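Asks: Provided herewith: input.txt, compact mmCIF, C-alpha atoms.
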# COMPACT_ATOMS: atom_id res chain seq x y z
CA MET A 1 143.37 51.68 174.46
CA LYS A 2 143.55 51.98 170.70
CA ILE A 3 145.08 55.45 170.96
CA PHE A 4 147.61 54.22 173.54
CA THR A 5 148.63 51.34 171.25
CA HIS A 6 148.98 53.76 168.33
CA ILE A 7 151.17 56.12 170.39
CA LEU A 8 153.29 53.22 171.62
CA PHE A 9 153.74 51.91 168.08
CA THR A 10 154.70 55.37 166.79
CA ALA A 11 157.23 55.80 169.60
CA PHE A 12 158.68 52.37 168.79
CA LEU A 13 159.10 53.31 165.11
CA PHE A 14 160.68 56.60 166.08
CA PHE A 15 163.28 54.96 168.34
CA CYS A 16 164.04 52.29 165.75
CA SER A 17 164.58 54.91 163.06
CA CYS A 18 167.02 56.79 165.31
CA ASN A 19 169.45 53.91 164.90
CA ASN A 20 170.43 55.21 161.47
CA THR A 21 173.37 52.87 160.95
CA SER A 22 172.42 49.23 160.45
CA GLU A 23 175.05 46.50 160.54
CA GLU A 24 174.65 45.98 156.79
CA GLY A 25 175.12 49.71 156.22
CA ILE A 26 178.21 49.74 158.40
CA GLU A 27 179.66 46.74 156.56
CA LYS A 28 179.01 48.40 153.18
CA SER A 29 180.62 51.66 154.36
CA ILE A 30 183.69 49.78 155.55
CA SER A 31 183.92 47.76 152.35
CA ASP A 32 183.67 50.94 150.25
CA PHE A 33 186.25 52.65 152.49
CA VAL A 34 188.72 49.78 152.14
CA GLN A 35 188.28 49.45 148.38
CA SER A 36 188.72 53.19 147.83
CA SER A 37 191.97 53.22 149.82
CA LEU A 38 193.66 50.30 148.03
CA PRO A 39 196.06 50.68 145.11
CA GLU A 40 194.49 49.82 141.75
CA THR A 41 196.55 46.66 141.31
CA TRP A 42 195.33 45.10 144.58
CA THR A 43 192.23 42.94 144.85
CA TYR A 44 189.95 42.93 147.89
CA GLU A 45 188.12 39.90 149.28
CA PRO A 46 186.06 40.46 152.44
CA ILE A 47 186.27 37.51 154.82
CA ALA A 48 184.36 38.43 157.95
CA TYR A 49 182.86 41.23 160.00
CA SER A 50 182.45 41.02 163.75
CA VAL A 51 179.27 41.96 165.50
CA THR A 52 179.14 45.66 166.34
CA ASP A 53 179.73 46.83 169.88
CA SER A 54 179.80 50.17 171.66
CA ALA A 55 183.07 52.06 171.34
CA MET A 56 184.18 54.05 174.34
CA SER A 57 186.82 56.77 174.46
CA LYS A 58 190.24 55.94 175.88
CA VAL A 59 192.59 58.14 177.84
CA GLU A 60 195.38 57.13 175.45
CA ASP A 61 193.55 58.96 172.64
CA THR A 62 193.41 62.31 174.43
CA LYS A 63 195.75 65.07 173.30
CA GLN A 64 197.00 65.64 176.85
CA TYR A 65 197.97 61.98 177.30
CA GLN A 66 199.68 61.81 173.91
CA GLU A 67 201.71 64.93 174.72
CA LEU A 68 202.85 63.34 177.99
CA VAL A 69 203.85 60.14 176.20
CA GLU A 70 205.82 62.09 173.62
CA ALA A 71 207.60 64.20 176.24
CA GLN A 72 208.36 61.12 178.32
CA ALA A 73 209.72 59.27 175.27
CA GLN A 74 212.07 62.15 174.50
CA LEU A 75 213.40 62.04 178.05
CA ASP A 76 213.73 58.26 177.93
CA SER A 77 215.91 58.56 174.85
CA ALA A 78 218.10 61.08 176.70
CA PHE A 79 218.31 58.78 179.77
CA ILE A 80 216.96 61.41 182.18
CA HIS A 81 215.37 59.05 184.67
CA ASP A 82 214.22 61.46 187.39
CA GLU A 83 212.16 63.64 185.03
CA THR A 84 210.53 60.63 183.32
CA ILE A 85 209.11 59.53 186.68
CA GLY A 86 207.20 62.82 186.83
CA TYR A 87 205.62 62.11 183.43
CA TYR A 88 204.70 58.58 184.50
CA GLU A 89 203.00 60.01 187.58
CA GLU A 90 201.08 62.58 185.50
CA MET A 91 199.97 59.85 183.09
CA LYS A 92 198.88 57.66 185.99
CA GLU A 93 196.87 60.53 187.50
CA LEU A 94 195.27 61.34 184.14
CA LYS A 95 194.23 57.68 183.77
CA SER A 96 192.68 57.63 187.25
CA LYS A 97 190.60 60.76 186.57
CA PHE A 98 189.53 59.83 183.04
CA THR A 99 185.88 58.91 182.47
CA PRO A 100 185.21 57.09 179.19
CA HIS A 101 182.29 58.22 177.04
CA TYR A 102 180.46 56.69 174.07
CA ILE A 103 182.10 57.59 170.74
CA GLY A 104 180.29 55.30 168.32
CA LYS A 105 180.15 51.70 167.21
CA LYS A 106 183.16 49.39 166.98
CA ILE A 107 183.48 46.61 164.42
CA ILE A 108 186.37 44.43 163.29
CA HIS A 109 186.75 43.52 159.62
CA ALA A 110 189.02 40.83 158.19
CA TYR A 111 189.82 40.72 154.50
CA LEU A 112 192.36 39.38 152.04
CA CYS A 113 194.21 41.49 149.54
CA SER A 114 196.16 40.17 146.62
CA THR A 115 199.00 42.66 146.50
CA ASP A 116 201.97 43.14 144.21
CA PHE A 117 204.02 41.19 146.78
CA GLY A 118 201.60 38.30 147.47
CA ASP A 119 198.49 37.82 149.56
CA SER A 120 198.02 39.65 152.85
CA LEU A 121 195.41 39.19 155.55
CA PHE A 122 194.23 42.45 157.07
CA ILE A 123 192.32 42.66 160.35
CA ASN A 124 191.15 46.20 161.02
CA THR A 125 189.16 47.73 163.85
CA TYR A 126 186.87 50.58 162.84
CA ILE A 127 184.99 53.14 164.91
CA ILE A 128 181.82 54.43 163.26
CA GLY A 129 180.52 57.72 164.65
CA ALA A 130 176.88 58.62 165.25
CA ASP A 131 176.73 60.16 161.76
CA GLY A 132 177.71 56.80 160.19
CA GLU A 133 181.18 58.02 159.17
CA ILE A 134 184.34 56.07 159.93
CA THR A 135 186.16 58.15 162.52
CA LYS A 136 189.08 55.86 163.33
CA SER A 137 190.68 52.67 162.09
CA ASP A 138 193.53 50.52 163.34
CA VAL A 139 195.23 48.26 160.81
CA THR A 140 197.01 44.95 161.30
CA SER A 141 198.23 42.85 158.39
CA VAL A 142 200.16 39.67 157.86
CA TYR A 143 201.46 37.93 154.73
CA VAL A 144 199.67 34.65 153.98
CA SER A 145 200.23 32.00 151.38
CA SER A 146 197.13 31.29 149.33
CA PRO A 147 195.32 28.33 150.95
CA ASP A 148 193.09 25.97 149.01
CA SER A 149 189.35 26.74 149.00
CA VAL A 150 188.41 24.11 151.63
CA ARG A 151 190.99 25.41 154.10
CA MET A 152 189.95 28.99 153.31
CA GLU A 153 186.31 28.31 154.20
CA SER A 154 187.38 26.75 157.49
CA THR A 155 189.69 29.68 158.16
CA LYS A 156 186.91 32.18 157.44
CA LYS A 157 184.58 30.42 159.91
CA HIS A 158 187.20 30.38 162.68
CA LEU A 159 188.23 33.96 161.98
CA LYS A 160 184.61 35.15 162.25
CA GLN A 161 184.29 33.47 165.68
CA PHE A 162 187.58 34.98 166.78
CA ILE A 163 186.76 38.56 165.77
CA ASP A 164 183.28 38.36 167.36
CA LYS A 165 184.99 37.56 170.66
CA ALA A 166 187.71 40.17 170.10
CA VAL A 167 185.31 43.07 169.54
CA LYS A 168 183.70 42.40 172.95
CA TRP A 169 187.09 42.37 174.68
Could you spell out this file's structure in C-alpha cells?

Replies:
Amino acid sequence: MKIFTHILFTAFLFFCSCNNTSEEGIEKSISDFVQSSLPETWTYEPIAYSVTDSAMSKVEDTKQYQELVEAQAQLDSAFIHDETIGYYEEMKELKSKFTPHYIGKKIIHAYLCSTDFGDSLFINTYIIGADGEITKSDVTSVYVSSPDSVRMESTKKHLKQFIDKAVKW
C-alpha cells in the first residue's frame, strides 16, 4: 500500500509538472510582450486578465480558407457573381469538413496605455502555445478619457467579469 501511494504521488507530481505554463507565468509573458512592443513614450497599465481556456483551431485560420476568401474578394470587387458562388460553396464545404484541434491556451488581457494622443483601452486575445510562447494575438483598442480613480476601480471590476465570460464564448 505504501509503494502504491508513493507511485500515485509521483505520477501526480509528474502530471502537474507537465503543465509548464501557469496562469501567473502566462500573465507575465503577456505583460512583457505588450511592454516590449509599445513605443517608448507610451505607458502601460494592466487592468485585467481573463481566466485561461483551451484554444481550438479555426477553419478561417487555414491557408486554404484564406486563399479562397482572397480569391472570392477579388471577384466580388470585379462584380463577377457566378464565379463567387463557386468560392462560397468551396468555403462552405471546407467548413463542414474541418475538425478543430487544440492549439494552446487562450486568454484575454485588458490594459490602458497613455499614448501621445491620449489614453486608449486595449483588449487583446492571446493564444499561448504548448511551449509557453505567444503564437497569436488579436488587438482591439478604443480611445478613453481618463476616469477618476473610483470609477476606474469599478470599471476594472466589471471589465474583469466581462472578459472572463468572453474567453469562454

Asks: Excluding A:Thr43 and its own-chain neighbours fewer than 6 positions away, which residues fall within 10 Å of it when counting all atoms listed in the file? Please give them as a tab-separated table (two decimals) with C-alpha atoms, in the coordinates of the input.

Replies:
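Dumped to part13.tsv:
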chain	number	residue	atom	x	y	z
A	35	GLN	CA	188.28	49.45	148.38
A	112	LEU	CA	192.36	39.38	152.04
A	113	CYS	CA	194.21	41.49	149.54
A	114	SER	CA	196.16	40.17	146.62
A	115	THR	CA	199.00	42.66	146.50
A	116	ASP	CA	201.97	43.14	144.21
A	119	ASP	CA	198.49	37.82	149.56

Asks: With distances taken over all atoms listed in the file, which of A:Ile108, A:Ile127, A:Leu38, A:Ile30 is nearest to A:Val51?

Replies: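 So, comparing all the options, the nearest one is A:Ile108.
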
Asks: Identify, on the basis of all atoms listed in the file, every residue whose closest approach to A:Glu83 does not exceed 10 Å; exclude the query and any residue fewer than 5 positions from it along the same chain; express the result as a ChimeraX atom specification.

Replies: /A:71-72,75-76,88

Asks: Restrict the calculation to only C-alpha atoms, then for each residue of stretch 26-68 of chain A with any atom at most 6 Å from an atom of stretch 96-106 of chain A give the closest atom pair and their distance in Å to one decimal, rows by chain and rising residue number, as JSON lines.

Replies:
{"residue": "A:Thr52", "atom": "CA", "partner": "A:Lys106", "partner_atom": "CA", "distance": 5.5}
{"residue": "A:Asp53", "atom": "CA", "partner": "A:Lys106", "partner_atom": "CA", "distance": 5.2}
{"residue": "A:Ser54", "atom": "CA", "partner": "A:Lys105", "partner_atom": "CA", "distance": 4.7}
{"residue": "A:Ala55", "atom": "CA", "partner": "A:Lys105", "partner_atom": "CA", "distance": 5.1}
{"residue": "A:Met56", "atom": "CA", "partner": "A:Tyr102", "partner_atom": "CA", "distance": 4.6}
{"residue": "A:Ser57", "atom": "CA", "partner": "A:Pro100", "partner_atom": "CA", "distance": 5.0}

Asks: Just the number, please: distance in Å from atom CA of A:Lys165 to atom CA of A:Val142, one decimal.

Replies: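 We find that atom CA of A:Lys165 and atom CA of A:Val142 lie 20.0 Å from each other.
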
Asks: Enclose stretch 123-131 of chain A, meaning all of its atoms listed in the file, in a box aligned along x, y and z, pad it by 3 Å on each side, and list the centre and edge lengths in Å to one decimal, as JSON.

Replies:
{"center_x": 184.5, "center_y": 51.4, "center_z": 162.8, "size_x": 21.6, "size_y": 23.5, "size_z": 10.9}

Asks: Under the rule that all atoms listed in the file are counted, which of A:Phe122, A:Tyr143, A:Phe117, A:Tyr44 is the nearest residue to A:Ser31?

Replies: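 Under the stated criterion, the closest residue is A:Tyr44.
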
Asks: Mind giving me the straight-line distance from atom CA of A:Asn124 to atom CA of A:Val144 in Å, one decimal?

Replies: 16.0 Å

Asks: If I put a ball of radius 12 Å at (204.8, 56.9, 183.3) in the file's coordinates, which residues poke into it when counting only C-alpha atoms, written as an MDAnalysis selection string?

Replies: chainID A and resid 65:66 68:73 75:76 81:95

Asks: Work out how far apart atom CA of A:Ile107 and atom CA of A:Ser50 are and give it in Å to one decimal.

Replies: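 It comes out at 5.7 Å.
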
Asks: Just stretch 96-131 of chain A from the block, N, CA and C atoms, as a PDB file, in the first residue's frame, could you?

Replies:
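And here is the file that came out, out03.pdb:
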ATOM      1  N   SER A  96     -17.440  22.495 -43.426  1.00  0.00           N
ATOM      2  CA  SER A  96     -18.148  21.282 -42.996  1.00  0.00           C
ATOM      3  C   SER A  96     -17.188  20.119 -42.733  1.00  0.00           C
ATOM      4  N   LYS A  97     -16.057  20.099 -43.416  1.00  0.00           N
ATOM      5  CA  LYS A  97     -15.094  19.003 -43.256  1.00  0.00           C
ATOM      6  C   LYS A  97     -14.029  19.292 -42.199  1.00  0.00           C
ATOM      7  N   PHE A  98     -13.950  20.529 -41.747  1.00  0.00           N
ATOM      8  CA  PHE A  98     -12.887  20.928 -40.825  1.00  0.00           C
ATOM      9  C   PHE A  98     -13.128  20.362 -39.427  1.00  0.00           C
ATOM     10  N   THR A  99     -12.074  19.815 -38.839  1.00  0.00           N
ATOM     11  CA  THR A  99     -12.122  19.323 -37.465  1.00  0.00           C
ATOM     12  C   THR A  99     -11.150  20.149 -36.625  1.00  0.00           C
ATOM     13  N   PRO A 100     -11.668  20.916 -35.673  1.00  0.00           N
ATOM     14  CA  PRO A 100     -10.777  21.739 -34.837  1.00  0.00           C
ATOM     15  C   PRO A 100      -9.865  20.867 -33.979  1.00  0.00           C
ATOM     16  N   HIS A 101      -8.673  21.383 -33.691  1.00  0.00           N
ATOM     17  CA  HIS A 101      -7.749  20.702 -32.794  1.00  0.00           C
ATOM     18  C   HIS A 101      -7.177  21.719 -31.801  1.00  0.00           C
ATOM     19  N   TYR A 102      -6.677  21.214 -30.691  1.00  0.00           N
ATOM     20  CA  TYR A 102      -6.133  22.051 -29.624  1.00  0.00           C
ATOM     21  C   TYR A 102      -4.856  22.743 -30.104  1.00  0.00           C
ATOM     22  N   ILE A 103      -4.781  24.069 -29.927  1.00  0.00           N
ATOM     23  CA  ILE A 103      -3.591  24.808 -30.347  1.00  0.00           C
ATOM     24  C   ILE A 103      -2.909  25.545 -29.200  1.00  0.00           C
ATOM     25  N   GLY A 104      -3.479  25.491 -28.014  1.00  0.00           N
ATOM     26  CA  GLY A 104      -2.865  26.157 -26.871  1.00  0.00           C
ATOM     27  C   GLY A 104      -3.910  26.700 -25.916  1.00  0.00           C
ATOM     28  N   LYS A 105      -3.475  27.686 -25.142  1.00  0.00           N
ATOM     29  CA  LYS A 105      -4.364  28.324 -24.176  1.00  0.00           C
ATOM     30  C   LYS A 105      -4.730  29.715 -24.675  1.00  0.00           C
ATOM     31  N   LYS A 106      -5.968  30.103 -24.404  1.00  0.00           N
ATOM     32  CA  LYS A 106      -6.473  31.412 -24.816  1.00  0.00           C
ATOM     33  C   LYS A 106      -6.695  32.253 -23.566  1.00  0.00           C
ATOM     34  N   ILE A 107      -6.296  33.510 -23.642  1.00  0.00           N
ATOM     35  CA  ILE A 107      -6.516  34.436 -22.527  1.00  0.00           C
ATOM     36  C   ILE A 107      -6.757  35.827 -23.113  1.00  0.00           C
ATOM     37  N   ILE A 108      -7.603  36.587 -22.466  1.00  0.00           N
ATOM     38  CA  ILE A 108      -7.877  37.962 -22.887  1.00  0.00           C
ATOM     39  C   ILE A 108      -7.249  38.897 -21.856  1.00  0.00           C
ATOM     40  N   HIS A 109      -6.597  39.929 -22.339  1.00  0.00           N
ATOM     41  CA  HIS A 109      -5.935  40.898 -21.465  1.00  0.00           C
ATOM     42  C   HIS A 109      -6.423  42.299 -21.811  1.00  0.00           C
ATOM     43  N   ALA A 110      -6.824  43.035 -20.794  1.00  0.00           N
ATOM     44  CA  ALA A 110      -7.237  44.430 -20.973  1.00  0.00           C
ATOM     45  C   ALA A 110      -6.217  45.319 -20.275  1.00  0.00           C
ATOM     46  N   TYR A 111      -5.831  46.383 -20.955  1.00  0.00           N
ATOM     47  CA  TYR A 111      -4.872  47.310 -20.354  1.00  0.00           C
ATOM     48  C   TYR A 111      -5.070  48.708 -20.922  1.00  0.00           C
ATOM     49  N   LEU A 112      -4.601  49.683 -20.157  1.00  0.00           N
ATOM     50  CA  LEU A 112      -4.642  51.083 -20.584  1.00  0.00           C
ATOM     51  C   LEU A 112      -3.254  51.505 -21.030  1.00  0.00           C
ATOM     52  N   CYS A 113      -3.209  52.308 -22.043  1.00  0.00           N
ATOM     53  CA  CYS A 113      -1.962  52.926 -22.473  1.00  0.00           C
ATOM     54  C   CYS A 113      -2.180  54.425 -22.538  1.00  0.00           C
ATOM     55  N   SER A 114      -1.260  55.155 -21.935  1.00  0.00           N
ATOM     56  CA  SER A 114      -1.230  56.598 -22.150  1.00  0.00           C
ATOM     57  C   SER A 114      -0.352  56.802 -23.370  1.00  0.00           C
ATOM     58  N   THR A 115      -0.984  57.258 -24.442  1.00  0.00           N
ATOM     59  CA  THR A 115      -0.271  57.418 -25.713  1.00  0.00           C
ATOM     60  C   THR A 115      -0.014  58.893 -25.971  1.00  0.00           C
ATOM     61  N   ASP A 116       0.656  59.179 -27.059  1.00  0.00           N
ATOM     62  CA  ASP A 116       0.904  60.571 -27.443  1.00  0.00           C
ATOM     63  C   ASP A 116      -0.392  61.296 -27.787  1.00  0.00           C
ATOM     64  N   PHE A 117      -1.461  60.548 -28.039  1.00  0.00           N
ATOM     65  CA  PHE A 117      -2.730  61.125 -28.472  1.00  0.00           C
ATOM     66  C   PHE A 117      -3.817  61.054 -27.406  1.00  0.00           C
ATOM     67  N   GLY A 118      -3.495  60.563 -26.216  1.00  0.00           N
ATOM     68  CA  GLY A 118      -4.465  60.390 -25.138  1.00  0.00           C
ATOM     69  C   GLY A 118      -4.458  58.954 -24.650  1.00  0.00           C
ATOM     70  N   ASP A 119      -5.393  58.626 -23.798  1.00  0.00           N
ATOM     71  CA  ASP A 119      -5.459  57.276 -23.248  1.00  0.00           C
ATOM     72  C   ASP A 119      -6.259  56.360 -24.158  1.00  0.00           C
ATOM     73  N   SER A 120      -5.807  55.117 -24.268  1.00  0.00           N
ATOM     74  CA  SER A 120      -6.511  54.113 -25.060  1.00  0.00           C
ATOM     75  C   SER A 120      -6.647  52.843 -24.243  1.00  0.00           C
ATOM     76  N   LEU A 121      -7.809  52.224 -24.349  1.00  0.00           N
ATOM     77  CA  LEU A 121      -8.068  50.932 -23.720  1.00  0.00           C
ATOM     78  C   LEU A 121      -7.852  49.866 -24.777  1.00  0.00           C
ATOM     79  N   PHE A 122      -7.007  48.911 -24.484  1.00  0.00           N
ATOM     80  CA  PHE A 122      -6.741  47.801 -25.387  1.00  0.00           C
ATOM     81  C   PHE A 122      -7.299  46.524 -24.772  1.00  0.00           C
ATOM     82  N   ILE A 123      -7.971  45.739 -25.578  1.00  0.00           N
ATOM     83  CA  ILE A 123      -8.460  44.417 -25.152  1.00  0.00           C
ATOM     84  C   ILE A 123      -7.956  43.438 -26.205  1.00  0.00           C
ATOM     85  N   ASN A 124      -6.999  42.618 -25.801  1.00  0.00           N
ATOM     86  CA  ASN A 124      -6.345  41.701 -26.735  1.00  0.00           C
ATOM     87  C   ASN A 124      -6.612  40.255 -26.340  1.00  0.00           C
ATOM     88  N   THR A 125      -6.758  39.416 -27.338  1.00  0.00           N
ATOM     89  CA  THR A 125      -6.864  37.973 -27.127  1.00  0.00           C
ATOM     90  C   THR A 125      -5.539  37.362 -27.549  1.00  0.00           C
ATOM     91  N   TYR A 126      -4.978  36.534 -26.685  1.00  0.00           N
ATOM     92  CA  TYR A 126      -3.701  35.887 -26.961  1.00  0.00           C
ATOM     93  C   TYR A 126      -3.879  34.383 -26.965  1.00  0.00           C
ATOM     94  N   ILE A 127      -3.127  33.719 -27.840  1.00  0.00           N
ATOM     95  CA  ILE A 127      -3.042  32.261 -27.851  1.00  0.00           C
ATOM     96  C   ILE A 127      -1.618  31.921 -27.428  1.00  0.00           C
ATOM     97  N   ILE A 128      -1.500  31.105 -26.395  1.00  0.00           N
ATOM     98  CA  ILE A 128      -0.201  30.690 -25.885  1.00  0.00           C
ATOM     99  C   ILE A 128      -0.026  29.218 -26.227  1.00  0.00           C
ATOM    100  N   GLY A 129       1.012  28.913 -27.004  1.00  0.00           N
ATOM    101  CA  GLY A 129       1.272  27.545 -27.438  1.00  0.00           C
ATOM    102  C   GLY A 129       1.763  26.669 -26.299  1.00  0.00           C
ATOM    103  N   ALA A 130       1.930  25.389 -26.576  1.00  0.00           N
ATOM    104  CA  ALA A 130       2.374  24.426 -25.573  1.00  0.00           C
ATOM    105  C   ALA A 130       3.753  24.771 -25.014  1.00  0.00           C
ATOM    106  N   ASP A 131       4.571  25.473 -25.815  1.00  0.00           N
ATOM    107  CA  ASP A 131       5.908  25.849 -25.363  1.00  0.00           C
ATOM    108  C   ASP A 131       5.903  27.132 -24.523  1.00  0.00           C
TER     109      ASP A 131
END
